[in-house]
$ cat final_28.csv   # CSV, N, CA and C atoms
chain,number,residue,atom,x,y,z
A,1,MET,N,0.8,-1.2,0.0
A,1,MET,CA,0.0,0.0,0.0
A,1,MET,C,0.9,1.2,0.0
A,2,LYS,N,0.6,2.2,-0.9
A,2,LYS,CA,1.3,3.4,-0.9
A,2,LYS,C,0.6,4.4,0.1
A,3,VAL,N,1.5,5.1,0.8
A,3,VAL,CA,1.0,6.1,1.8
A,3,VAL,C,1.6,7.5,1.5
A,4,GLY,N,0.8,8.5,1.5
A,4,GLY,CA,1.3,9.9,1.2
A,4,GLY,C,1.1,10.8,2.4
A,5,TYR,N,1.8,11.9,2.3
A,5,TYR,CA,1.7,12.9,3.4
A,5,TYR,C,1.9,14.3,2.7
A,6,THR,N,1.0,15.2,3.1
A,6,THR,CA,1.1,16.6,2.6
A,6,THR,C,1.1,17.6,3.7
A,7,ARG,N,1.7,18.7,3.4
A,7,ARG,CA,1.8,19.8,4.5
A,7,ARG,C,1.7,21.1,3.8
A,8,VAL,N,0.9,22.0,4.3
A,8,VAL,CA,0.9,23.4,3.9
A,8,VAL,C,1.2,24.2,5.2
A,9,SER,N,1.6,25.5,4.9
A,9,SER,CA,2.1,26.3,6.0
A,9,SER,C,1.0,27.1,6.7
A,10,THR,N,-0.1,27.4,6.0
A,10,THR,CA,-1.1,28.2,6.6
A,10,THR,C,-2.5,27.7,6.2
A,11,HIS,N,-3.5,28.1,7.0
A,11,HIS,CA,-4.9,27.7,6.7
A,11,HIS,C,-5.4,28.3,5.4
A,12,GLU,N,-4.8,29.3,4.9
A,12,GLU,CA,-5.2,30.0,3.7
A,12,GLU,C,-4.8,29.1,2.5
A,13,GLN,N,-3.8,28.2,2.7
A,13,GLN,CA,-3.4,27.3,1.6
A,13,GLN,C,-4.2,26.1,1.7
A,14,ASN,N,-4.2,25.3,0.6
A,14,ASN,CA,-4.8,24.0,0.7
A,14,ASN,C,-4.0,22.9,0.1
A,15,HIS,N,-4.4,21.7,0.4
A,15,HIS,CA,-3.6,20.5,0.1
A,15,HIS,C,-4.0,19.9,-1.3
A,16,ASP,N,-4.9,20.5,-2.0
A,16,ASP,CA,-5.5,19.9,-3.2
A,16,ASP,C,-4.5,19.4,-4.2
A,17,LEU,N,-3.6,20.3,-4.6
A,17,LEU,CA,-2.6,19.9,-5.7
A,17,LEU,C,-1.7,18.7,-5.2
A,18,GLN,N,-1.3,18.8,-3.9
A,18,GLN,CA,-0.5,17.7,-3.4
A,18,GLN,C,-1.3,16.4,-3.3
A,19,ILE,N,-2.5,16.5,-2.9
A,19,ILE,CA,-3.3,15.3,-2.8
A,19,ILE,C,-3.6,14.7,-4.2
A,20,ASP,N,-3.9,15.5,-5.2
A,20,ASP,CA,-4.1,15.1,-6.5
A,20,ASP,C,-2.8,14.3,-7.0
A,21,ALA,N,-1.6,14.9,-6.8
A,21,ALA,CA,-0.4,14.2,-7.2
A,21,ALA,C,-0.2,12.9,-6.5
A,22,LEU,N,-0.5,12.8,-5.2
A,22,LEU,CA,-0.3,11.6,-4.5
A,22,LEU,C,-1.3,10.5,-5.0
A,23,ARG,N,-2.5,10.9,-5.3
A,23,ARG,CA,-3.5,10.0,-5.8
A,23,ARG,C,-3.1,9.5,-7.1
A,24,ALA,N,-2.5,10.4,-8.0
A,24,ALA,CA,-2.1,10.0,-9.3
A,24,ALA,C,-0.9,9.0,-9.2
A,25,ALA,N,-0.1,9.1,-8.1
A,25,ALA,CA,1.0,8.2,-7.9
A,25,ALA,C,0.6,6.9,-7.2
A,26,GLY,N,-0.7,6.8,-7.0
A,26,GLY,CA,-1.3,5.5,-6.4
A,26,GLY,C,-1.4,5.4,-4.9
A,27,CYS,N,-1.3,6.5,-4.2
A,27,CYS,CA,-1.4,6.5,-2.8
A,27,CYS,C,-2.8,6.1,-2.4
A,28,GLU,N,-2.9,5.2,-1.5
A,28,GLU,CA,-4.2,4.8,-1.0
A,28,GLU,C,-4.6,5.5,0.3
A,29,ARG,N,-3.6,5.9,1.1
A,29,ARG,CA,-3.9,6.6,2.3
A,29,ARG,C,-3.1,7.9,2.3
A,30,ILE,N,-3.7,9.0,2.6
A,30,ILE,CA,-3.0,10.3,2.5
A,30,ILE,C,-3.3,11.0,3.9
A,31,PHE,N,-2.3,11.5,4.5
A,31,PHE,CA,-2.4,12.2,5.7
A,31,PHE,C,-1.9,13.7,5.5
A,32,ASP,N,-2.4,14.6,6.2
A,32,ASP,CA,-2.0,16.0,6.0
A,32,ASP,C,-2.0,16.8,7.3
A,33,ASP,N,-1.1,17.8,7.3
A,33,ASP,CA,-0.9,18.7,8.4
A,33,ASP,C,-0.9,20.1,7.8
A,34,THR,N,-1.3,21.1,8.6
A,34,THR,CA,-1.2,22.5,8.3
A,34,THR,C,-0.3,23.1,9.4
A,35,CYS,N,0.9,23.4,9.1
A,35,CYS,CA,1.8,24.0,10.1
A,35,CYS,C,3.0,24.5,9.4
A,36,SER,N,3.7,25.4,10.0
A,36,SER,CA,4.9,26.1,9.5
A,36,SER,C,6.0,25.0,9.3
A,37,GLY,N,6.9,25.2,8.3
A,37,GLY,CA,8.0,24.4,8.1
A,37,GLY,C,9.0,24.4,9.2
A,38,SER,N,8.9,25.4,10.1
A,38,SER,CA,9.9,25.4,11.2
A,38,SER,C,9.4,24.7,12.5
A,39,VAL,N,8.2,24.1,12.4
A,39,VAL,CA,7.6,23.4,13.5
A,39,VAL,C,8.3,22.0,13.6
A,40,ALA,N,8.6,21.6,14.8
A,40,ALA,CA,9.2,20.3,15.0
A,40,ALA,C,8.2,19.1,14.7
A,41,CYS,N,8.8,18.0,14.4
A,41,CYS,CA,7.9,16.8,14.0
A,41,CYS,C,6.9,16.5,15.1
A,42,ALA,N,7.2,16.7,16.3
A,42,ALA,CA,6.3,16.4,17.4
A,42,ALA,C,5.0,17.2,17.3
A,43,ASP,N,5.1,18.4,16.6
A,43,ASP,CA,3.9,19.2,16.4
A,43,ASP,C,3.2,19.0,15.1
A,44,ARG,N,3.6,17.9,14.5
A,44,ARG,CA,2.9,17.5,13.2
A,44,ARG,C,2.3,16.1,13.4
A,45,PRO,N,1.1,16.1,14.0
A,45,PRO,CA,0.5,14.8,14.4
A,45,PRO,C,0.3,13.8,13.2
A,46,GLN,N,-0.1,14.3,12.1
A,46,GLN,CA,-0.4,13.5,11.0
A,46,GLN,C,0.9,12.9,10.4
A,47,LEU,N,2.0,13.6,10.5
A,47,LEU,CA,3.3,13.1,10.1
A,47,LEU,C,3.7,11.9,10.9
A,48,LEU,N,3.5,12.0,12.3
A,48,LEU,CA,3.8,10.9,13.2
A,48,LEU,C,3.0,9.7,12.9
A,49,ILE,N,1.7,9.9,12.6
A,49,ILE,CA,0.8,8.8,12.2
A,49,ILE,C,1.3,8.2,10.9
A,50,THR,N,1.6,9.0,9.9
A,50,THR,CA,2.1,8.5,8.6
A,50,THR,C,3.3,7.6,8.9
A,51,MET,N,4.3,8.1,9.7
A,51,MET,CA,5.5,7.3,9.9
A,51,MET,C,5.2,6.0,10.6
A,52,GLY,N,4.2,6.0,11.5
A,52,GLY,CA,3.8,4.8,12.2
A,52,GLY,C,3.1,3.8,11.3
A,53,VAL,N,2.3,4.3,10.4
A,53,VAL,CA,1.7,3.4,9.4
A,53,VAL,C,2.8,2.8,8.5
A,54,VAL,N,3.7,3.6,8.0
A,54,VAL,CA,4.8,3.1,7.2
A,54,VAL,C,5.6,2.0,7.9
A,55,THR,N,5.9,2.3,9.2
A,55,THR,CA,6.7,1.3,10.0
A,55,THR,C,6.0,0.0,10.1
A,56,VAL,N,4.7,0.0,10.3
A,56,VAL,CA,3.9,-1.2,10.4
A,56,VAL,C,3.9,-2.0,9.1
A,57,LEU,N,3.8,-1.3,8.0
A,57,LEU,CA,3.8,-2.0,6.7
A,57,LEU,C,5.1,-2.6,6.4
$ encode --input "final_28.csv" --output "structure tokens"
Amino acid sequence: MKVGYTRVSTHEQNHDLQIDALRAAGCERIFDDTCSGSVACADRPQLLITMGVVTVL
């Protein structure tokens, strides 16, 4: 199973283009966060979930 992750920096931005690209690449599960690039991984809950899913696979 392919898993994808998207991130945008602000709530004014959206994940649509990234999600479309991931779906085109065959991703079945896509997780997303909205947070600044300077935020630590611990503050990106969906990234942590994504990494956990990938580890299990």
$ closest_residue --input "final_28.csv" --among "A:Ser9, A:Thr55, A:Gln46, A:Gln18" --to "Asp32 (chain A)" --atoms "only N, CA and C atoms"
A:Gln46
$ atom_distance --input "final_28.csv" --atom1 "atom N of Ile30 (chain A)" --atom2 "atom N of Asp16 (chain A)"
12.4 Å
$ residues_near_point --input "final_28.csv" --point "(-3.1, 26.8, 4.8)" --cutoff "12 Å" --atoms "only C-alpha atoms" --output "PDB file with N, CA and C atoms, keeping the file's coordinate frame"
ATOM      1  N   THR A   6       1.000  15.200   3.100  1.00  0.00           N
ATOM      2  CA  THR A   6       1.100  16.600   2.600  1.00  0.00           C
ATOM      3  C   THR A   6       1.100  17.600   3.700  1.00  0.00           C
ATOM      4  N   ARG A   7       1.700  18.700   3.400  1.00  0.00           N
ATOM      5  CA  ARG A   7       1.800  19.800   4.500  1.00  0.00           C
ATOM      6  C   ARG A   7       1.700  21.100   3.800  1.00  0.00           C
ATOM      7  N   VAL A   8       0.900  22.000   4.300  1.00  0.00           N
ATOM      8  CA  VAL A   8       0.900  23.400   3.900  1.00  0.00           C
ATOM      9  C   VAL A   8       1.200  24.200   5.200  1.00  0.00           C
ATOM     10  N   SER A   9       1.600  25.500   4.900  1.00  0.00           N
ATOM     11  CA  SER A   9       2.100  26.300   6.000  1.00  0.00           C
ATOM     12  C   SER A   9       1.000  27.100   6.700  1.00  0.00           C
ATOM     13  N   THR A  10      -0.100  27.400   6.000  1.00  0.00           N
ATOM     14  CA  THR A  10      -1.100  28.200   6.600  1.00  0.00           C
ATOM     15  C   THR A  10      -2.500  27.700   6.200  1.00  0.00           C
ATOM     16  N   HIS A  11      -3.500  28.100   7.000  1.00  0.00           N
ATOM     17  CA  HIS A  11      -4.900  27.700   6.700  1.00  0.00           C
ATOM     18  C   HIS A  11      -5.400  28.300   5.400  1.00  0.00           C
ATOM     19  N   GLU A  12      -4.800  29.300   4.900  1.00  0.00           N
ATOM     20  CA  GLU A  12      -5.200  30.000   3.700  1.00  0.00           C
ATOM     21  C   GLU A  12      -4.800  29.100   2.500  1.00  0.00           C
ATOM     22  N   GLN A  13      -3.800  28.200   2.700  1.00  0.00           N
ATOM     23  CA  GLN A  13      -3.400  27.300   1.600  1.00  0.00           C
ATOM     24  C   GLN A  13      -4.200  26.100   1.700  1.00  0.00           C
ATOM     25  N   ASN A  14      -4.200  25.300   0.600  1.00  0.00           N
ATOM     26  CA  ASN A  14      -4.800  24.000   0.700  1.00  0.00           C
ATOM     27  C   ASN A  14      -4.000  22.900   0.100  1.00  0.00           C
ATOM     28  N   HIS A  15      -4.400  21.700   0.400  1.00  0.00           N
ATOM     29  CA  HIS A  15      -3.600  20.500   0.100  1.00  0.00           C
ATOM     30  C   HIS A  15      -4.000  19.900  -1.300  1.00  0.00           C
ATOM     31  N   ASP A  16      -4.900  20.500  -2.000  1.00  0.00           N
ATOM     32  CA  ASP A  16      -5.500  19.900  -3.200  1.00  0.00           C
ATOM     33  C   ASP A  16      -4.500  19.400  -4.200  1.00  0.00           C
ATOM     34  N   ASP A  32      -2.400  14.600   6.200  1.00  0.00           N
ATOM     35  CA  ASP A  32      -2.000  16.000   6.000  1.00  0.00           C
ATOM     36  C   ASP A  32      -2.000  16.800   7.300  1.00  0.00           C
ATOM     37  N   ASP A  33      -1.100  17.800   7.300  1.00  0.00           N
ATOM     38  CA  ASP A  33      -0.900  18.700   8.400  1.00  0.00           C
ATOM     39  C   ASP A  33      -0.900  20.100   7.800  1.00  0.00           C
ATOM     40  N   THR A  34      -1.300  21.100   8.600  1.00  0.00           N
ATOM     41  CA  THR A  34      -1.200  22.500   8.300  1.00  0.00           C
ATOM     42  C   THR A  34      -0.300  23.100   9.400  1.00  0.00           C
ATOM     43  N   CYS A  35       0.900  23.400   9.100  1.00  0.00           N
ATOM     44  CA  CYS A  35       1.800  24.000  10.100  1.00  0.00           C
ATOM     45  C   CYS A  35       3.000  24.500   9.400  1.00  0.00           C
ATOM     46  N   SER A  36       3.700  25.400  10.000  1.00  0.00           N
ATOM     47  CA  SER A  36       4.900  26.100   9.500  1.00  0.00           C
ATOM     48  C   SER A  36       6.000  25.000   9.300  1.00  0.00           C
ATOM     49  N   GLY A  37       6.900  25.200   8.300  1.00  0.00           N
ATOM     50  CA  GLY A  37       8.000  24.400   8.100  1.00  0.00           C
ATOM     51  C   GLY A  37       9.000  24.400   9.200  1.00  0.00           C
TER      52      GLY A  37
END
$ atom_distance --input "final_28.csv" --atom1 "atom N of Glu28 (chain A)" --atom2 "CA of Val3 (chain A)"
5.2 Å
$ atom_distance --input "final_28.csv" --atom1 "CA of Leu17 (chain A)" --atom2 "atom N of Val56 (chain A)"
26.6 Å
$ select_by_dssp --input "final_28.csv" --residues "chain A" --states "alpha helix (DSSP H)" --output "list in words"
Asp16, Leu17, Gln18, Ile19, Asp20, Ala21, Leu22, Arg23, Ala24, Pro45, Gln46, Leu47, Leu48, Ile49, Thr50, Met51, Gly52, Val53, Val54, Thr55 and Val56 of chain A
$ write_last_selection --input "final_28.csv" --atoms "N, CA and C atoms" --output "CSV table (one decimal), in the coordinates of the input"
chain,number,residue,atom,x,y,z
A,16,ASP,N,-4.9,20.5,-2.0
A,16,ASP,CA,-5.5,19.9,-3.2
A,16,ASP,C,-4.5,19.4,-4.2
A,17,LEU,N,-3.6,20.3,-4.6
A,17,LEU,CA,-2.6,19.9,-5.7
A,17,LEU,C,-1.7,18.7,-5.2
A,18,GLN,N,-1.3,18.8,-3.9
A,18,GLN,CA,-0.5,17.7,-3.4
A,18,GLN,C,-1.3,16.4,-3.3
A,19,ILE,N,-2.5,16.5,-2.9
A,19,ILE,CA,-3.3,15.3,-2.8
A,19,ILE,C,-3.6,14.7,-4.2
A,20,ASP,N,-3.9,15.5,-5.2
A,20,ASP,CA,-4.1,15.1,-6.5
A,20,ASP,C,-2.8,14.3,-7.0
A,21,ALA,N,-1.6,14.9,-6.8
A,21,ALA,CA,-0.4,14.2,-7.2
A,21,ALA,C,-0.2,12.9,-6.5
A,22,LEU,N,-0.5,12.8,-5.2
A,22,LEU,CA,-0.3,11.6,-4.5
A,22,LEU,C,-1.3,10.5,-5.0
A,23,ARG,N,-2.5,10.9,-5.3
A,23,ARG,CA,-3.5,10.0,-5.8
A,23,ARG,C,-3.1,9.5,-7.1
A,24,ALA,N,-2.5,10.4,-8.0
A,24,ALA,CA,-2.1,10.0,-9.3
A,24,ALA,C,-0.9,9.0,-9.2
A,45,PRO,N,1.1,16.1,14.0
A,45,PRO,CA,0.5,14.8,14.4
A,45,PRO,C,0.3,13.8,13.2
A,46,GLN,N,-0.1,14.3,12.1
A,46,GLN,CA,-0.4,13.5,11.0
A,46,GLN,C,0.9,12.9,10.4
A,47,LEU,N,2.0,13.6,10.5
A,47,LEU,CA,3.3,13.1,10.1
A,47,LEU,C,3.7,11.9,10.9
A,48,LEU,N,3.5,12.0,12.3
A,48,LEU,CA,3.8,10.9,13.2
A,48,LEU,C,3.0,9.7,12.9
A,49,ILE,N,1.7,9.9,12.6
A,49,ILE,CA,0.8,8.8,12.2
A,49,ILE,C,1.3,8.2,10.9
A,50,THR,N,1.6,9.0,9.9
A,50,THR,CA,2.1,8.5,8.6
A,50,THR,C,3.3,7.6,8.9
A,51,MET,N,4.3,8.1,9.7
A,51,MET,CA,5.5,7.3,9.9
A,51,MET,C,5.2,6.0,10.6
A,52,GLY,N,4.2,6.0,11.5
A,52,GLY,CA,3.8,4.8,12.2
A,52,GLY,C,3.1,3.8,11.3
A,53,VAL,N,2.3,4.3,10.4
A,53,VAL,CA,1.7,3.4,9.4
A,53,VAL,C,2.8,2.8,8.5
A,54,VAL,N,3.7,3.6,8.0
A,54,VAL,CA,4.8,3.1,7.2
A,54,VAL,C,5.6,2.0,7.9
A,55,THR,N,5.9,2.3,9.2
A,55,THR,CA,6.7,1.3,10.0
A,55,THR,C,6.0,0.0,10.1
A,56,VAL,N,4.7,0.0,10.3
A,56,VAL,CA,3.9,-1.2,10.4
A,56,VAL,C,3.9,-2.0,9.1
$ select_by_dssp --input "final_28.csv" --residues "chain A" --states "strand (DSSP E or B)" --output "number ranges by chain"
A: 2-8, 27-34
$ closest_residue --input "final_28.csv" --among "A:Ala40, A:Leu47, A:Val53, A:Met1" --to "Gly26 (chain A)" --atoms "only N, CA and C atoms"
A:Met1
$ axis_aligned_box --input "final_28.csv" --around "region 6-16 of chain A" --padding-each-side "6 Å" --output "lines of an AutoDock Vina configuration file"
center_x = -1.7
center_y = 22.6
center_z = 1.4
size_x = 19.6
size_y = 26.8
size_z = 23.2
$ closest_residue --input "final_28.csv" --among "A:Ser38, A:Leu48, A:Val54, A:Leu22" --to "Gly4 (chain A)" --atoms "only C-alpha atoms"
A:Leu22
$ decode --input "final_28.csv" --residues "region 27-41 of chain A" --atoms "all heavy atoms" --output "JSON list (two decimals), in the first residue's frame"
[["chain", "number", "residue", "atom", "x", "y", "z"],
["A", 27, "CYS", "N", -1.27, 6.53, -4.23],
["A", 27, "CYS", "CA", -1.40, 6.49, -2.76],
["A", 27, "CYS", "C", -2.83, 6.15, -2.37],
["A", 27, "CYS", "O", -3.78, 6.74, -2.87],
["A", 27, "CYS", "CB", -0.99, 7.83, -2.15],
["A", 27, "CYS", "SG", 0.78, 8.14, -2.28],
["A", 28, "GLU", "N", -2.95, 5.19, -1.47],
["A", 28, "GLU", "CA", -4.25, 4.76, -0.98],
["A", 28, "GLU", "C", -4.64, 5.49, 0.30],
["A", 28, "GLU", "O", -5.83, 5.65, 0.57],
["A", 28, "GLU", "CB", -4.24, 3.26, -0.73],
["A", 28, "GLU", "CG", -3.99, 2.45, -2.00],
["A", 28, "GLU", "CD", -3.84, 0.97, -1.69],
["A", 28, "GLU", "OE1", -4.54, 0.47, -0.79],
["A", 28, "GLU", "OE2", -3.01, 0.33, -2.36],
["A", 29, "ARG", "N", -3.65, 5.87, 1.10],
["A", 29, "ARG", "CA", -3.91, 6.62, 2.34],
["A", 29, "ARG", "C", -3.07, 7.88, 2.30],
["A", 29, "ARG", "O", -1.87, 7.83, 2.03],
["A", 29, "ARG", "CB", -3.55, 5.79, 3.57],
["A", 29, "ARG", "CG", -4.48, 4.58, 3.71],
["A", 29, "ARG", "CD", -4.36, 3.90, 5.01],
["A", 29, "ARG", "NE", -4.72, 4.77, 6.14],
["A", 29, "ARG", "CZ", -4.60, 4.42, 7.40],
["A", 29, "ARG", "NH1", -4.10, 3.24, 7.70],
["A", 29, "ARG", "NH2", -4.94, 5.23, 8.36],
["A", 30, "ILE", "N", -3.72, 9.00, 2.57],
["A", 30, "ILE", "CA", -3.04, 10.29, 2.55],
["A", 30, "ILE", "C", -3.33, 11.02, 3.85],
["A", 30, "ILE", "O", -4.49, 11.14, 4.26],
["A", 30, "ILE", "CB", -3.50, 11.13, 1.35],
["A", 30, "ILE", "CG1", -3.17, 10.41, 0.04],
["A", 30, "ILE", "CG2", -2.84, 12.51, 1.37],
["A", 30, "ILE", "CD1", -3.77, 11.05, -1.20],
["A", 31, "PHE", "N", -2.28, 11.49, 4.49],
["A", 31, "PHE", "CA", -2.39, 12.24, 5.73],
["A", 31, "PHE", "C", -1.92, 13.66, 5.46],
["A", 31, "PHE", "O", -1.09, 13.89, 4.58],
["A", 31, "PHE", "CB", -1.51, 11.60, 6.81],
["A", 31, "PHE", "CG", -1.88, 10.17, 7.10],
["A", 31, "PHE", "CD1", -1.29, 9.13, 6.40],
["A", 31, "PHE", "CD2", -2.82, 9.87, 8.07],
["A", 31, "PHE", "CE1", -1.63, 7.80, 6.66],
["A", 31, "PHE", "CE2", -3.17, 8.55, 8.35],
["A", 31, "PHE", "CZ", -2.57, 7.52, 7.64],
["A", 32, "ASP", "N", -2.45, 14.62, 6.21],
["A", 32, "ASP", "CA", -2.03, 16.01, 5.97],
["A", 32, "ASP", "C", -1.98, 16.82, 7.25],
["A", 32, "ASP", "O", -2.71, 16.55, 8.20],
["A", 32, "ASP", "CB", -2.97, 16.69, 4.97],
["A", 32, "ASP", "CG", -4.41, 16.74, 5.44],
["A", 32, "ASP", "OD1", -4.74, 17.60, 6.27],
["A", 32, "ASP", "OD2", -5.22, 15.92, 4.97],
["A", 33, "ASP", "N", -1.07, 17.77, 7.26],
["A", 33, "ASP", "CA", -0.92, 18.72, 8.36],
["A", 33, "ASP", "C", -0.90, 20.13, 7.80],
["A", 33, "ASP", "O", -0.49, 20.35, 6.65],
["A", 33, "ASP", "CB", 0.40, 18.49, 9.12],
["A", 33, "ASP", "CG", 0.34, 17.37, 10.13],
["A", 33, "ASP", "OD1", -0.70, 17.24, 10.80],
["A", 33, "ASP", "OD2", 1.34, 16.65, 10.26],
["A", 34, "THR", "N", -1.31, 21.07, 8.61],
["A", 34, "THR", "CA", -1.17, 22.49, 8.30],
["A", 34, "THR", "C", -0.34, 23.09, 9.42],
["A", 34, "THR", "O", -0.80, 23.21, 10.55],
["A", 34, "THR", "CB", -2.55, 23.18, 8.22],
["A", 34, "THR", "OG1", -3.32, 22.53, 7.21],
["A", 34, "THR", "CG2", -2.40, 24.65, 7.89],
["A", 35, "CYS", "N", 0.92, 23.41, 9.10],
["A", 35, "CYS", "CA", 1.82, 23.99, 10.09],
["A", 35, "CYS", "C", 3.04, 24.54, 9.39],
["A", 35, "CYS", "O", 3.37, 24.15, 8.28],
["A", 35, "CYS", "CB", 2.22, 22.98, 11.15],
["A", 35, "CYS", "SG", 3.11, 21.57, 10.51],
["A", 36, "SER", "N", 3.71, 25.43, 10.04],
["A", 36, "SER", "CA", 4.91, 26.05, 9.51],
["A", 36, "SER", "C", 6.02, 25.01, 9.33],
["A", 36, "SER", "O", 6.10, 24.04, 10.07],
["A", 36, "SER", "CB", 5.38, 27.14, 10.47],
["A", 36, "SER", "OG", 6.67, 27.58, 10.13],
["A", 37, "GLY", "N", 6.88, 25.24, 8.34],
["A", 37, "GLY", "CA", 8.00, 24.35, 8.11],
["A", 37, "GLY", "C", 9.01, 24.35, 9.24],
["A", 37, "GLY", "O", 9.83, 23.46, 9.36],
["A", 38, "SER", "N", 8.94, 25.36, 10.10],
["A", 38, "SER", "CA", 9.89, 25.44, 11.22],
["A", 38, "SER", "C", 9.40, 24.68, 12.45],
["A", 38, "SER", "O", 10.09, 24.62, 13.46],
["A", 38, "SER", "CB", 10.14, 26.91, 11.59],
["A", 38, "SER", "OG", 8.94, 27.50, 12.06],
["A", 39, "VAL", "N", 8.22, 24.09, 12.36],
["A", 39, "VAL", "CA", 7.64, 23.37, 13.50],
["A", 39, "VAL", "C", 8.29, 21.99, 13.60],
["A", 39, "VAL", "O", 8.48, 21.30, 12.61],
["A", 39, "VAL", "CB", 6.11, 23.23, 13.32],
["A", 39, "VAL", "CG1", 5.51, 22.36, 14.40],
["A", 39, "VAL", "CG2", 5.46, 24.60, 13.31],
["A", 40, "ALA", "N", 8.59, 21.58, 14.80],
["A", 40, "ALA", "CA", 9.21, 20.27, 15.04],
["A", 40, "ALA", "C", 8.24, 19.14, 14.68],
["A", 40, "ALA", "O", 7.02, 19.33, 14.70],
["A", 40, "ALA", "CB", 9.62, 20.16, 16.50],
["A", 41, "CYS", "N", 8.78, 17.97, 14.40],
["A", 41, "CYS", "CA", 7.94, 16.82, 14.03],
["A", 41, "CYS", "C", 6.91, 16.49, 15.10],
["A", 41, "CYS", "O", 5.83, 16.02, 14.78],
["A", 41, "CYS", "CB", 8.81, 15.60, 13.77],
["A", 41, "CYS", "SG", 9.61, 15.63, 12.17]]
